[in-house]
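Shown here: target20.txt, compact mmCIF, C-alpha atoms.
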# COMPACT_ATOMS: atom_id res chain seq x y z
CA MET A 1200 48.67 66.23 106.75
CA GLY A 1201 46.62 69.23 105.64
CA VAL A 1202 44.69 71.45 108.00
CA LEU A 1203 41.58 69.33 107.70
CA GLU A 1204 43.28 66.07 108.57
CA ARG A 1205 45.59 67.38 111.26
CA LYS A 1206 45.21 66.06 114.79
CA PRO A 1207 42.95 68.12 117.01
CA ARG A 1208 44.93 70.22 119.43
CA ALA A 1209 44.59 70.69 123.16
CA VAL A 1210 46.34 73.09 125.51
CA ALA A 1211 47.06 71.17 128.72
CA LEU A 1212 47.92 72.81 132.04
CA ILE A 1213 50.91 70.92 133.45
CA SER A 1214 51.89 71.57 137.06
CA GLY A 1215 54.40 68.79 137.47
CA GLY A 1216 51.96 66.89 139.67
CA MET A 1217 50.34 63.54 139.05
CA ASP A 1218 46.84 64.79 138.26
CA SER A 1219 47.71 67.15 135.42
CA ALA A 1220 50.00 64.49 133.91
CA VAL A 1221 47.19 61.91 133.89
CA ALA A 1222 44.65 64.41 132.55
CA ALA A 1223 46.92 65.38 129.66
CA ALA A 1224 47.79 61.75 128.94
CA LEU A 1225 44.08 60.99 128.61
CA ALA A 1226 43.84 63.77 126.01
CA CYS A 1227 46.81 62.27 124.13
CA GLU A 1228 45.16 58.86 124.28
CA ALA A 1229 42.01 60.40 122.80
CA GLY A 1230 44.09 61.47 119.80
CA GLU A 1231 44.81 65.09 120.68
CA GLU A 1232 48.09 66.86 120.08
CA VAL A 1233 49.09 68.42 123.37
CA TYR A 1234 50.48 71.92 123.89
CA ALA A 1235 51.78 71.89 127.45
CA LEU A 1236 51.50 75.06 129.53
CA SER A 1237 53.15 75.72 132.88
CA PHE A 1238 53.55 78.77 135.08
CA ASP A 1239 56.46 80.20 136.93
CA TYR A 1240 54.35 82.16 139.39
CA GLY A 1241 56.73 82.63 142.26
CA GLN A 1242 55.81 79.30 143.81
CA ARG A 1243 58.31 78.32 146.43
CA HIS A 1244 59.47 75.21 144.61
CA VAL A 1245 61.24 75.30 141.30
CA ARG A 1246 61.10 71.49 141.55
CA GLU A 1247 57.52 71.74 140.30
CA LEU A 1248 58.77 73.30 137.08
CA GLU A 1249 61.44 70.66 136.61
CA ALA A 1250 58.77 67.98 137.05
CA ALA A 1251 56.52 69.81 134.58
CA ALA A 1252 59.29 69.70 131.97
CA ARG A 1253 59.73 65.93 132.54
CA VAL A 1254 55.99 65.36 132.21
CA ALA A 1255 55.79 67.41 128.99
CA ARG A 1256 58.60 65.30 127.51
CA TRP A 1257 56.86 62.09 128.57
CA LEU A 1258 53.64 63.27 126.93
CA GLY A 1259 55.46 64.04 123.71
CA ALA A 1260 53.98 67.53 123.83
CA LYS A 1261 54.20 69.46 120.57
CA GLU A 1262 55.43 72.44 122.58
CA HIS A 1263 55.95 73.26 126.25
CA LYS A 1264 55.60 76.88 127.26
CA THR A 1265 56.29 78.24 130.74
CA VAL A 1266 54.72 81.63 131.35
CA LYS A 1267 56.40 83.72 134.02
CA MET A 1268 54.08 85.77 136.18
CA ASP A 1269 54.73 87.46 139.50
CA LEU A 1270 51.76 86.22 141.52
CA ALA A 1271 53.98 86.36 144.60
CA GLY A 1272 53.50 90.12 144.29
CA ILE A 1273 49.76 89.53 144.64
CA GLY A 1274 50.30 87.41 147.73
CA GLY A 1275 47.86 85.69 149.99
CA SER A 1276 49.04 82.07 149.90
CA ALA A 1277 51.36 79.69 151.71
CA LEU A 1278 52.56 78.51 148.28
CA THR A 1279 53.83 81.90 147.15
CA ASP A 1280 54.44 83.79 150.38
CA ASP A 1281 56.34 83.25 153.55
CA MET A 1282 53.50 81.50 155.33
CA GLU A 1283 53.54 78.09 156.95
CA VAL A 1284 52.25 75.10 154.95
CA PRO A 1285 49.60 73.32 157.08
CA LYS A 1286 50.45 69.74 158.08
CA ASP A 1287 48.14 66.79 158.84
CA ARG A 1288 45.25 69.17 158.36
CA GLN A 1289 41.70 68.15 159.22
CA GLY A 1290 38.45 69.89 158.40
CA ASP A 1291 36.74 71.33 155.40
CA ASP A 1292 37.73 74.96 155.31
CA ILE A 1293 39.74 76.38 152.42
CA PRO A 1294 43.39 75.96 153.49
CA ALA A 1295 46.27 78.47 153.52
CA THR A 1296 47.76 76.78 150.45
CA TYR A 1297 44.92 78.20 148.36
CA VAL A 1298 46.47 80.60 145.87
CA PRO A 1299 43.73 83.16 145.17
CA GLY A 1300 42.55 82.89 141.60
CA ARG A 1301 45.25 80.46 140.54
CA ASN A 1302 43.23 78.18 138.28
CA ILE A 1303 41.22 81.15 137.01
CA ILE A 1304 44.43 82.81 135.85
CA PHE A 1305 45.93 79.59 134.49
CA LEU A 1306 42.78 78.74 132.52
CA SER A 1307 42.65 82.29 131.15
CA VAL A 1308 46.16 82.08 129.75
CA ALA A 1309 45.47 78.56 128.44
CA LEU A 1310 42.38 79.87 126.69
CA ALA A 1311 44.43 82.66 125.11
CA TRP A 1312 47.00 80.19 123.84
CA ALA A 1313 44.23 77.91 122.61
CA GLU A 1314 42.96 80.81 120.47
CA VAL A 1315 46.38 81.26 118.93
CA VAL A 1316 47.14 77.60 118.15
CA GLU A 1317 43.48 76.88 117.32
CA ALA A 1318 43.15 74.23 119.99
CA ARG A 1319 39.69 72.83 120.50
CA ALA A 1320 40.20 72.01 124.18
CA VAL A 1321 41.89 73.18 127.35
CA VAL A 1322 42.79 70.30 129.66
CA ILE A 1323 43.01 70.75 133.42
CA GLY A 1324 43.68 68.11 136.08
CA ALA A 1325 41.09 69.56 138.47
CA ASN A 1326 39.57 67.01 140.76
CA ALA A 1327 36.64 67.57 143.10
CA VAL A 1328 36.57 64.29 145.03
CA ASP A 1329 39.87 63.94 146.87
CA PHE A 1330 40.90 67.58 146.85
CA SER A 1331 41.79 70.40 149.17
CA GLY A 1332 38.53 72.30 148.80
CA TYR A 1333 39.88 75.03 146.56
CA PRO A 1334 36.91 76.85 144.99
CA ASP A 1335 38.58 77.01 141.58
CA CYS A 1336 38.55 73.20 141.20
CA THR A 1337 34.80 72.65 141.43
CA PRO A 1338 32.20 71.76 138.77
CA PRO A 1339 30.29 75.07 139.18
CA PHE A 1340 33.49 77.02 138.60
CA LEU A 1341 34.46 74.98 135.54
CA ALA A 1342 30.96 75.42 134.10
CA ALA A 1343 31.24 79.17 134.65
CA PHE A 1344 34.62 79.22 132.95
CA GLN A 1345 33.19 77.33 129.98
CA LYS A 1346 30.78 80.25 129.51
CA VAL A 1347 33.77 82.60 129.51
CA ALA A 1348 35.26 80.56 126.65
CA GLU A 1349 31.96 80.79 124.79
CA THR A 1350 31.45 84.54 125.22
CA GLY A 1351 34.91 86.05 125.59
CA THR A 1352 36.99 84.56 122.79
CA ARG A 1353 37.00 84.88 119.02
CA ALA A 1354 36.52 81.11 118.63
CA GLY A 1355 33.64 81.26 121.09
CA VAL A 1356 31.70 84.03 119.41
CA LYS A 1357 32.26 82.30 116.06
CA GLY A 1358 30.55 79.23 117.51
CA SER A 1359 33.45 76.88 118.24
CA PRO A 1360 34.74 77.70 121.73
CA ALA A 1361 37.50 75.66 123.29
CA VAL A 1362 36.05 73.02 125.59
CA ILE A 1363 37.26 73.10 129.18
CA ASN A 1364 38.09 69.43 129.69
CA ALA A 1365 38.59 68.22 133.27
CA PRO A 1366 38.66 64.44 132.81
CA LEU A 1367 39.57 63.72 136.45
CA LEU A 1368 36.79 65.81 137.95
CA ASP A 1369 34.80 62.88 139.30
CA MET A 1370 37.62 60.42 139.93
CA ASP A 1371 38.95 59.68 143.38
CA LYS A 1372 42.72 59.65 143.87
CA ALA A 1373 42.95 55.86 143.67
CA GLU A 1374 41.31 55.94 140.25
CA ILE A 1375 43.72 58.65 139.11
CA VAL A 1376 46.66 56.48 140.21
CA ARG A 1377 45.17 53.48 138.39
CA GLN A 1378 44.70 55.55 135.24
CA GLY A 1379 48.27 56.79 135.49
CA LYS A 1380 49.55 53.26 135.76
CA ARG A 1381 47.44 52.10 132.83
CA LEU A 1382 48.80 54.97 130.73
CA GLY A 1383 52.38 54.06 131.58
CA LEU A 1384 53.16 57.11 133.71
CA ASP A 1385 56.37 56.75 135.70
CA PHE A 1386 55.16 58.42 138.90
CA SER A 1387 58.72 59.14 139.96
CA ILE A 1388 58.93 61.98 137.41
CA THR A 1389 56.06 63.86 139.09
CA HIS A 1390 56.27 66.21 142.06
CA THR A 1391 53.42 66.65 144.52
CA CYS A 1392 54.61 67.93 147.89
CA TYR A 1393 53.90 71.52 148.96
CA ASP A 1394 56.81 71.58 151.36
CA PRO A 1395 59.55 69.11 150.37
CA CYS A 1396 62.63 68.35 152.46
CA ASP A 1397 65.95 69.86 151.43
CA ASN A 1398 66.87 66.72 149.51
CA GLY A 1399 63.62 66.98 147.51
CA SER A 1400 61.78 64.09 149.12
CA PRO A 1401 58.12 64.71 150.02
CA CYS A 1402 57.25 65.84 153.55
CA GLY A 1403 54.45 63.27 153.80
CA HIS A 1404 52.20 65.53 155.85
CA CYS A 1405 50.96 68.41 153.72
CA ASP A 1406 47.55 68.18 152.04
CA ALA A 1407 49.08 67.23 148.73
CA CYS A 1408 51.16 64.40 150.24
CA LEU A 1409 48.20 63.09 152.24
CA LEU A 1410 45.96 62.98 149.17
CA ARG A 1411 48.66 61.30 147.07
CA LYS A 1412 49.22 58.70 149.79
CA LYS A 1413 45.50 58.00 149.90
CA GLY A 1414 45.51 57.45 146.15
CA PHE A 1415 48.39 54.99 146.08
CA GLN A 1416 47.02 53.11 149.08
CA GLY A 1417 43.58 52.89 147.51
CA ALA A 1418 45.02 51.63 144.23
CA GLY A 1419 47.28 49.15 146.01
CA ILE A 1420 50.34 50.52 144.22
CA LYS A 1421 53.64 51.63 145.77
CA ASP A 1422 54.55 55.29 145.30
CA PRO A 1423 58.14 55.38 143.99
CA LEU A 1424 58.68 58.75 145.70
CA VAL A 1425 58.05 57.26 149.16
CA GLU A 1426 60.68 54.99 150.69
CA MET B 36 39.11 103.61 160.98
CA GLY B 37 38.33 100.05 161.99
CA VAL B 38 37.59 97.30 159.52
CA LEU B 39 33.89 97.98 159.62
CA GLU B 40 34.20 101.67 158.90
CA ARG B 41 36.97 101.51 156.36
CA LYS B 42 36.27 102.59 152.81
CA PRO B 43 35.17 99.78 150.51
CA ARG B 44 37.98 98.73 148.20
CA ALA B 45 38.03 98.20 144.47
CA VAL B 46 40.74 96.77 142.23
CA ALA B 47 40.74 98.85 139.04
CA LEU B 48 42.36 97.75 135.79
CA ILE B 49 44.35 100.74 134.50
CA SER B 50 45.66 100.58 130.95
CA GLY B 51 46.81 104.15 130.61
CA GLY B 52 43.91 104.88 128.29
CA MET B 53 41.02 107.25 128.79
CA ASP B 54 38.32 104.65 129.44
CA SER B 55 39.96 102.83 132.34
CA ALA B 56 40.84 106.20 133.92
CA VAL B 57 37.23 107.37 133.77
CA ALA B 58 35.89 104.02 135.04
CA ALA B 59 38.24 104.05 138.04
CA ALA B 60 37.46 107.72 138.74
CA LEU B 61 33.77 106.86 138.89
CA ALA B 62 34.60 104.21 141.52
CA CYS B 63 36.56 106.80 143.52
CA GLU B 64 33.65 109.20 143.25
CA ALA B 65 31.37 106.47 144.60
CA GLY B 66 33.58 106.33 147.70
CA GLU B 67 35.78 103.36 146.89
CA GLU B 68 39.46 103.11 147.67
CA VAL B 69 41.18 102.14 144.43
CA TYR B 70 43.93 99.55 144.03
CA ALA B 71 45.26 100.16 140.53
CA LEU B 72 46.43 97.18 138.48
CA SER B 73 48.36 97.31 135.22
CA PHE B 74 50.11 94.73 133.08
CA ASP B 75 53.42 94.66 131.37
CA TYR B 76 52.45 92.01 128.85
CA GLY B 77 54.92 92.61 126.09
CA GLN B 78 52.76 95.27 124.47
CA ARG B 79 54.75 97.23 121.98
CA HIS B 80 54.43 100.52 123.80
CA VAL B 81 55.90 101.14 127.18
CA ARG B 82 54.19 104.54 126.88
CA GLU B 83 51.00 102.81 127.98
CA LEU B 84 52.63 101.89 131.27
CA GLU B 85 53.93 105.40 131.83
CA ALA B 86 50.42 106.71 131.23
CA ALA B 87 49.01 104.07 133.62
CA ALA B 88 51.36 105.32 136.35
CA ARG B 89 50.22 108.92 135.75
CA VAL B 90 46.57 107.88 135.91
CA ALA B 91 47.09 105.91 139.13
CA ARG B 92 48.68 108.99 140.71
CA TRP B 93 45.83 111.19 139.54
CA LEU B 94 43.32 108.76 141.04
CA GLY B 95 45.14 108.79 144.36
CA ALA B 96 45.25 105.00 144.21
CA LYS B 97 46.11 103.30 147.50
CA GLU B 98 48.57 101.13 145.58
CA HIS B 99 49.56 100.65 141.95
CA LYS B 100 50.80 97.21 140.95
CA THR B 101 52.17 96.31 137.53
CA VAL B 102 52.18 92.56 136.88
CA LYS B 103 54.71 91.40 134.31
CA MET B 104 53.55 88.59 132.07
CA ASP B 105 55.01 87.36 128.80
CA LEU B 106 51.90 87.28 126.62
CA ALA B 107 54.13 88.10 123.66
CA GLY B 108 55.23 84.47 123.98
CA ILE B 109 51.60 83.47 123.46
CA GLY B 110 51.37 85.64 120.36
CA GLY B 111 48.55 86.22 117.99
CA SER B 112 48.11 89.98 118.06
CA ALA B 113 49.30 93.14 116.36
CA LEU B 114 49.75 94.66 119.81
CA THR B 115 52.24 92.11 121.04
CA ASP B 116 53.73 90.67 117.86
CA ASP B 117 55.40 92.02 114.79
CA MET B 118 52.17 92.44 112.85
CA GLU B 119 50.86 95.57 111.21
CA VAL B 120 48.34 97.71 113.12
CA PRO B 121 45.30 98.25 110.83
CA LYS B 122 44.63 101.88 109.82
CA ASP B 123 41.32 103.58 108.94
CA ARG B 124 39.64 100.22 109.28
CA GLN B 125 36.03 99.69 108.24
CA GLY B 126 33.77 96.75 108.93
CA ASP B 127 32.70 94.69 111.87
CA ASP B 128 35.12 91.79 112.06
CA ILE B 129 37.39 91.31 115.05
CA PRO B 130 40.58 93.20 114.15
CA ALA B 131 44.24 92.14 114.29
CA THR B 132 44.74 94.26 117.40
CA TYR B 133 42.66 91.76 119.37
CA VAL B 134 44.96 90.19 121.97
CA PRO B 135 43.51 86.73 122.58
CA GLY B 136 42.15 86.44 126.08
CA ARG B 137 43.53 89.76 127.24
CA ASN B 138 40.64 90.99 129.38
CA ILE B 139 40.00 87.44 130.60
CA ILE B 140 43.55 87.25 131.92
CA PHE B 141 43.50 90.80 133.32
CA LEU B 142 40.19 90.23 135.12
CA SER B 143 41.50 86.92 136.53
CA VAL B 144 44.53 88.57 138.09
CA ALA B 145 42.37 91.47 139.31
CA LEU B 146 40.03 88.96 140.94
CA ALA B 147 42.99 87.27 142.64
CA TRP B 148 44.23 90.58 144.01
CA ALA B 149 40.69 91.47 145.07
CA GLU B 150 40.65 88.28 147.18
CA VAL B 151 43.86 89.29 148.89
CA VAL B 152 42.98 92.92 149.66
CA GLU B 153 39.33 92.05 150.31
CA ALA B 154 38.06 94.36 147.61
CA ARG B 155 34.36 94.19 146.92
CA ALA B 156 34.66 95.17 143.26
CA VAL B 157 36.83 94.87 140.19
CA VAL B 158 36.55 97.88 137.89
CA ILE B 159 37.11 97.59 134.15
CA GLY B 160 36.74 100.27 131.49
CA ALA B 161 35.12 97.91 129.00
CA ASN B 162 32.78 99.64 126.61
CA ALA B 163 30.48 97.92 124.15
CA VAL B 164 29.14 100.88 122.18
CA ASP B 165 32.07 102.60 120.47
CA PHE B 166 34.52 99.72 120.59
CA SER B 167 36.60 97.53 118.33
CA GLY B 168 34.43 94.45 118.56
CA TYR B 169 36.69 92.52 120.92
CA PRO B 170 34.66 89.62 122.36
CA ASP B 171 36.08 90.13 125.85
CA CYS B 172 34.47 93.58 126.19
CA THR B 173 30.84 92.53 125.78
CA PRO B 174 27.98 92.23 128.31
CA PRO B 175 27.65 88.42 127.85
CA PHE B 176 31.35 87.97 128.59
CA LEU B 177 31.22 90.20 131.67
CA ALA B 178 28.16 88.33 132.94
CA ALA B 179 30.01 85.03 132.46
CA PHE B 180 33.01 86.38 134.31
CA GLN B 181 30.78 87.48 137.18
CA LYS B 182 29.80 83.82 137.57
CA VAL B 183 33.49 82.92 137.73
CA ALA B 184 33.87 85.37 140.64
CA GLU B 185 30.88 83.77 142.35
CA THR B 186 32.00 80.16 141.94
CA GLY B 187 35.78 80.22 141.74
CA THR B 188 36.92 82.41 144.62
CA ARG B 189 36.88 82.10 148.38
CA ALA B 190 34.85 85.31 148.72
CA GLY B 191 32.42 84.00 146.11
CA VAL B 192 31.73 80.64 147.76
CA LYS B 193 31.35 82.43 151.08
CA GLY B 194 28.60 84.52 149.53
CA SER B 195 30.28 87.87 148.92
CA PRO B 196 31.95 87.70 145.51
CA ALA B 197 33.68 90.72 144.06
CA VAL B 198 31.38 92.53 141.67
CA ILE B 199 32.68 93.01 138.14
CA ASN B 200 31.94 96.68 137.63
CA ALA B 201 32.04 98.03 134.07
CA PRO B 202 30.50 101.49 134.49
CA LEU B 203 31.19 102.57 130.89
CA LEU B 204 29.63 99.53 129.27
CA ASP B 205 26.65 101.36 127.81
CA MET B 206 28.22 104.80 127.28
CA ASP B 207 29.28 106.05 123.89
CA LYS B 208 32.71 107.64 123.57
CA ALA B 209 31.31 111.18 123.73
CA GLU B 210 29.69 110.39 127.08
CA ILE B 211 32.97 108.93 128.35
CA VAL B 212 34.76 112.15 127.37
CA ARG B 213 32.08 114.23 129.07
CA GLN B 214 32.36 112.12 132.24
CA GLY B 215 36.14 112.47 132.17
CA LYS B 216 35.83 116.24 131.90
CA ARG B 217 33.30 116.37 134.72
CA LEU B 218 35.64 114.32 136.93
CA GLY B 219 38.55 116.64 136.23
CA LEU B 220 40.63 114.23 134.17
CA ASP B 221 43.48 115.93 132.32
CA PHE B 222 43.23 113.93 129.11
CA SER B 223 46.82 114.75 128.22
CA ILE B 224 48.07 112.23 130.81
CA THR B 225 46.33 109.35 129.02
CA HIS B 226 47.64 107.33 126.09
CA THR B 227 45.37 105.77 123.51
CA CYS B 228 47.13 105.14 120.20
CA TYR B 229 48.05 101.58 119.15
CA ASP B 230 50.84 102.78 116.88
CA PRO B 231 52.24 106.15 117.97
CA CYS B 232 54.80 108.16 116.03
CA ASP B 233 58.40 108.18 117.22
CA ASN B 234 57.82 111.38 119.17
CA GLY B 235 54.89 109.76 121.01
CA SER B 236 52.08 111.62 119.29
CA PRO B 237 49.08 109.55 118.23
CA CYS B 238 48.93 108.19 114.68
CA GLY B 239 45.34 109.37 114.25
CA HIS B 240 44.32 106.41 112.11
CA CYS B 241 44.30 103.22 114.23
CA ASP B 242 41.03 102.00 115.74
CA ALA B 243 41.87 103.48 119.12
CA CYS B 244 42.64 106.91 117.66
CA LEU B 245 39.51 106.90 115.51
CA LEU B 246 37.31 106.04 118.48
CA ARG B 247 38.94 108.67 120.67
CA LYS B 248 38.50 111.28 117.95
CA LYS B 249 34.82 110.37 117.65
CA GLY B 250 34.42 110.82 121.41
CA PHE B 251 35.99 114.27 121.59
CA GLN B 252 34.11 115.43 118.50
CA GLY B 253 30.82 114.17 119.91
CA ALA B 254 31.46 115.89 123.25
CA GLY B 255 32.54 119.10 121.55
CA ILE B 256 35.81 119.12 123.48
CA LYS B 257 39.32 119.53 122.11
CA ASP B 258 41.68 116.57 122.65
CA PRO B 259 44.89 117.98 124.15
CA LEU B 260 46.87 115.15 122.47
CA VAL B 261 45.85 116.28 118.98
CA GLU B 262 47.36 119.46 117.53
Write the structure described by the file as C-alpha cells, please.
Amino acid sequence: MGVLERKPRAVALISGGMDSAVAAALACEAGEEVYALSFDYGQRHVRELEAAARVARWLGAKEHKTVKMDLAGIGGSALTDDMEVPKDRQGDDIPATYVPGRNIIFLSVALAWAEVVEARAVVIGANAVDFSGYPDCTPPFLAAFQKVAETGTRAGVKGSPAVINAPLLDMDKAEIVRQGKRLGLDFSITHTCYDPCDNGSPCGHCDACLLRKKGFQGAGIKDPLVE
Amino acid sequence: MGVLERKPRAVALISGGMDSAVAAALACEAGEEVYALSFDYGQRHVRELEAAARVARWLGAKEHKTVKMDLAGIGGSALTDDMEVPKDRQGDDIPATYVPGRNIIFLSVALAWAEVVEARAVVIGANAVDFSGYPDCTPPFLAAFQKVAETGTRAGVKGSPAVINAPLLDMDKAEIVRQGKRLGLDFSITHTCYDPCDNGSPCGHCDACLLRKKGFQGAGIKDPLVE
C-alpha cells in the first residue's frame, strides 16, 4: 500500500485495564492501525505493564512502546507513593488514588508520538459515567486538550490535528463490558485492581475493583478474574 | 511562617538556556518561591542539564528536580535523534530541531508537580517574537494549556488552577538580555547552542545561537560565551 492508501493510524493509551483495551479495540474495528503506548511511571504494580503487553498483542498493535518516567519522584498519589489505597470508598471527592496530571502527561506524550508516526487520532479509555471523579477524565478536560492538539503541534497548526478520541466517555461500565465481549476481549488478560493480593488476584474493594464489579454485574457477565 | 503567610510557590521549567533563567528570575523577583524542573529527555547535550543545575542554584530554587524521560524513543527531532542540526537557516517553516510535543509534555509534568507542592503558577520561558516557530511556544497554545490547568487538575476544578506564566512571551531577545542583565544573571552559566563544538563552545550558526547573538547585539552587551 502507498502512503495514500495506508490505514489511518491511531496512538492508543494502554494501561492494562479493561477500558483502554476496549477503547483501542473500537479504533481497530473502525479500521485504524494502532500504536500502543504505555507508561512505566513508578506505579506500584508492574502487573499493569504485563497486562498492557498482553492487551497490545491481542489488539495486533503495529508497535507497543512503554515510556519510562519517574512520576513517583513527583509524588502525591496512593498509586505511586507509600499511601494507603482507599477501600469501599463512598462519596464524590477526588480520591487519594488520583495521580496529579496523569492523563495530561500521558496524552501529551501520545500527541508527540502521533506527530512522529503521523497518526490522525489519540485514543484514550477515559470514562465519565462510572469513574472515580478524576478531573483529567472529564469532557471539559478532553475538549481543552483537543485545543492543545490544534494549537501546539505541527499537524495542528497545519490544519490536521490529531483527534482526541475517547469512545467510552459516555458509556457506563456495563456497556463497556458488553462492548468488550462483543469485540472478543478475553477479560482475564486485563488488570484492574489498585491494590492486588500477593498472588495477583484483585482485592475486590478498591475503587477500580468496585467499578469493574458493577460493570460485570450490570452486563450479566461473569468476570474471569473473580472466583 | 504558617501556610497563610508562606511565599507563593511557582514551578519553573529550567532548560539551562537564557530564556528560562530570566523567566524564573522574574518570578523570584515577584516574590515567588521557585521549584525548578528540568528534563533528561535524551537530548544530545548533557551540557544543557549541567547549565540547568547552575541556573537553579543561582535562582536559589527551593528544590531542583530532573525528570528522566525517554523521548528519544519517540523520535522525530534533530535534538534527540541522529539528524543534522540546521545551520544559518532562513525561512519560516518549523525546523528539524522541533521536538514534537516537547513543551506540552514539560508543561504537563510541571502542572502535576504544581498540584503536589500547591504552586499557584507554572513558569515557562516561551517567547513568540524572536523564536524558531515551534507551535508549542505560541500564545494560542499557552491559552489552550491554561484551559487544561483549569479543567484537568484538582486545583483547577476547585477553582484555583495554576496560572501558566510566560513572562517573556512578548519580549524580543534584546529585551530578554536586558532583563537578564538587570536581574544579575551571569550569562556564562547558561547554555544555548543546539550543536556545540567538542570543547563546549557554541557553534554560532544554529537557530539558537543566531537568536542569542541577535539578542546580545540588540542589547549592546557582550555575550561572555562568544570570544
Give me, as a ChimeraX atom specification, the residues of chain B touching chain A, with the criterion being at most 8 Å (counting all atoms listed in the file). /B:102-106,108-111,129,135-137,139-140,143-144,146-148,150-151,169-173,175-176,179-180,182-183,186-189,192
Between B:Lys249, B:Lys208, B:His226, B:His240, which residue has the minimum interatomic distance to Val90 of chain B, considering only C-alpha atoms? B:His226
Spatial neighbours of Glu1426 of chain A, max dist 10 Å, only C-alpha atoms, sep filter under 4 positions, as a count of residues only: 3
Of the candidates B:Ala88, B:Ala47, B:Ala58, B:Leu246, which one gets nearest to Ala71 of chain B if we count all atoms listed in the file? B:Ala47
Please provide as a tab-separated table (two decimals) with C-alpha atoms, in the frame of the given file all residues within 7 Å of segment 155-163 of chain B, with the sequence filter that same-chain residues fewer than 5 positions apart are discarded (counting all atoms listed in the file).
chain	number	residue	atom	x	y	z
B	43	PRO	CA	35.17	99.78	150.51
B	44	ARG	CA	37.98	98.73	148.20
B	45	ALA	CA	38.03	98.20	144.47
B	46	VAL	CA	40.74	96.77	142.23
B	47	ALA	CA	40.74	98.85	139.04
B	48	LEU	CA	42.36	97.75	135.79
B	54	ASP	CA	38.32	104.65	129.44
B	55	SER	CA	39.96	102.83	132.34
B	58	ALA	CA	35.89	104.02	135.04
B	59	ALA	CA	38.24	104.05	138.04
B	145	ALA	CA	42.37	91.47	139.31
B	146	LEU	CA	40.03	88.96	140.94
B	172	CYS	CA	34.47	93.58	126.19
B	173	THR	CA	30.84	92.53	125.78
B	197	ALA	CA	33.68	90.72	144.06
B	198	VAL	CA	31.38	92.53	141.67
B	199	ILE	CA	32.68	93.01	138.14
B	200	ASN	CA	31.94	96.68	137.63
B	201	ALA	CA	32.04	98.03	134.07
B	203	LEU	CA	31.19	102.57	130.89
B	204	LEU	CA	29.63	99.53	129.27
B	205	ASP	CA	26.65	101.36	127.81
B	206	MET	CA	28.22	104.80	127.28
Hey, can you check how far atom CA of Val81 of chain B sits from atom CA of Leu220 of chain B?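 We find that atom CA of Val81 of chain B and atom CA of Leu220 of chain B lie 21.3 Å from each other.
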If you measure from atom CA of Arg41 of chain B to atom CA of Gly219 of chain B, what distance in Å do you get, rounded to one decimal?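 Computed distance, atom CA of Arg41 of chain B to atom CA of Gly219 of chain B, equals 25.2 Å.
Atom to atom, atom CA of Lys1286 of chain A and atom CA of Val1221 of chain A stand 25.6 Å apart.
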Could you check which of B:Arg82, B:Lys216, B:Arg89, B:Lys97 is closest to Gly250 of chain B, using all atoms listed in the file?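 The answer is B:Lys216, which sits nearest to Gly250 of chain B.
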Looking at A:Val1328, A:Cys1405, A:Leu1258, A:Ala1250, which one is nearest to Ser1237 of chain A, with distances taken over only C-alpha atoms?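 Ranking A:Val1328, A:Cys1405, A:Leu1258, A:Ala1250 by distance to Ser1237 of chain A, first place goes to A:Ala1250.
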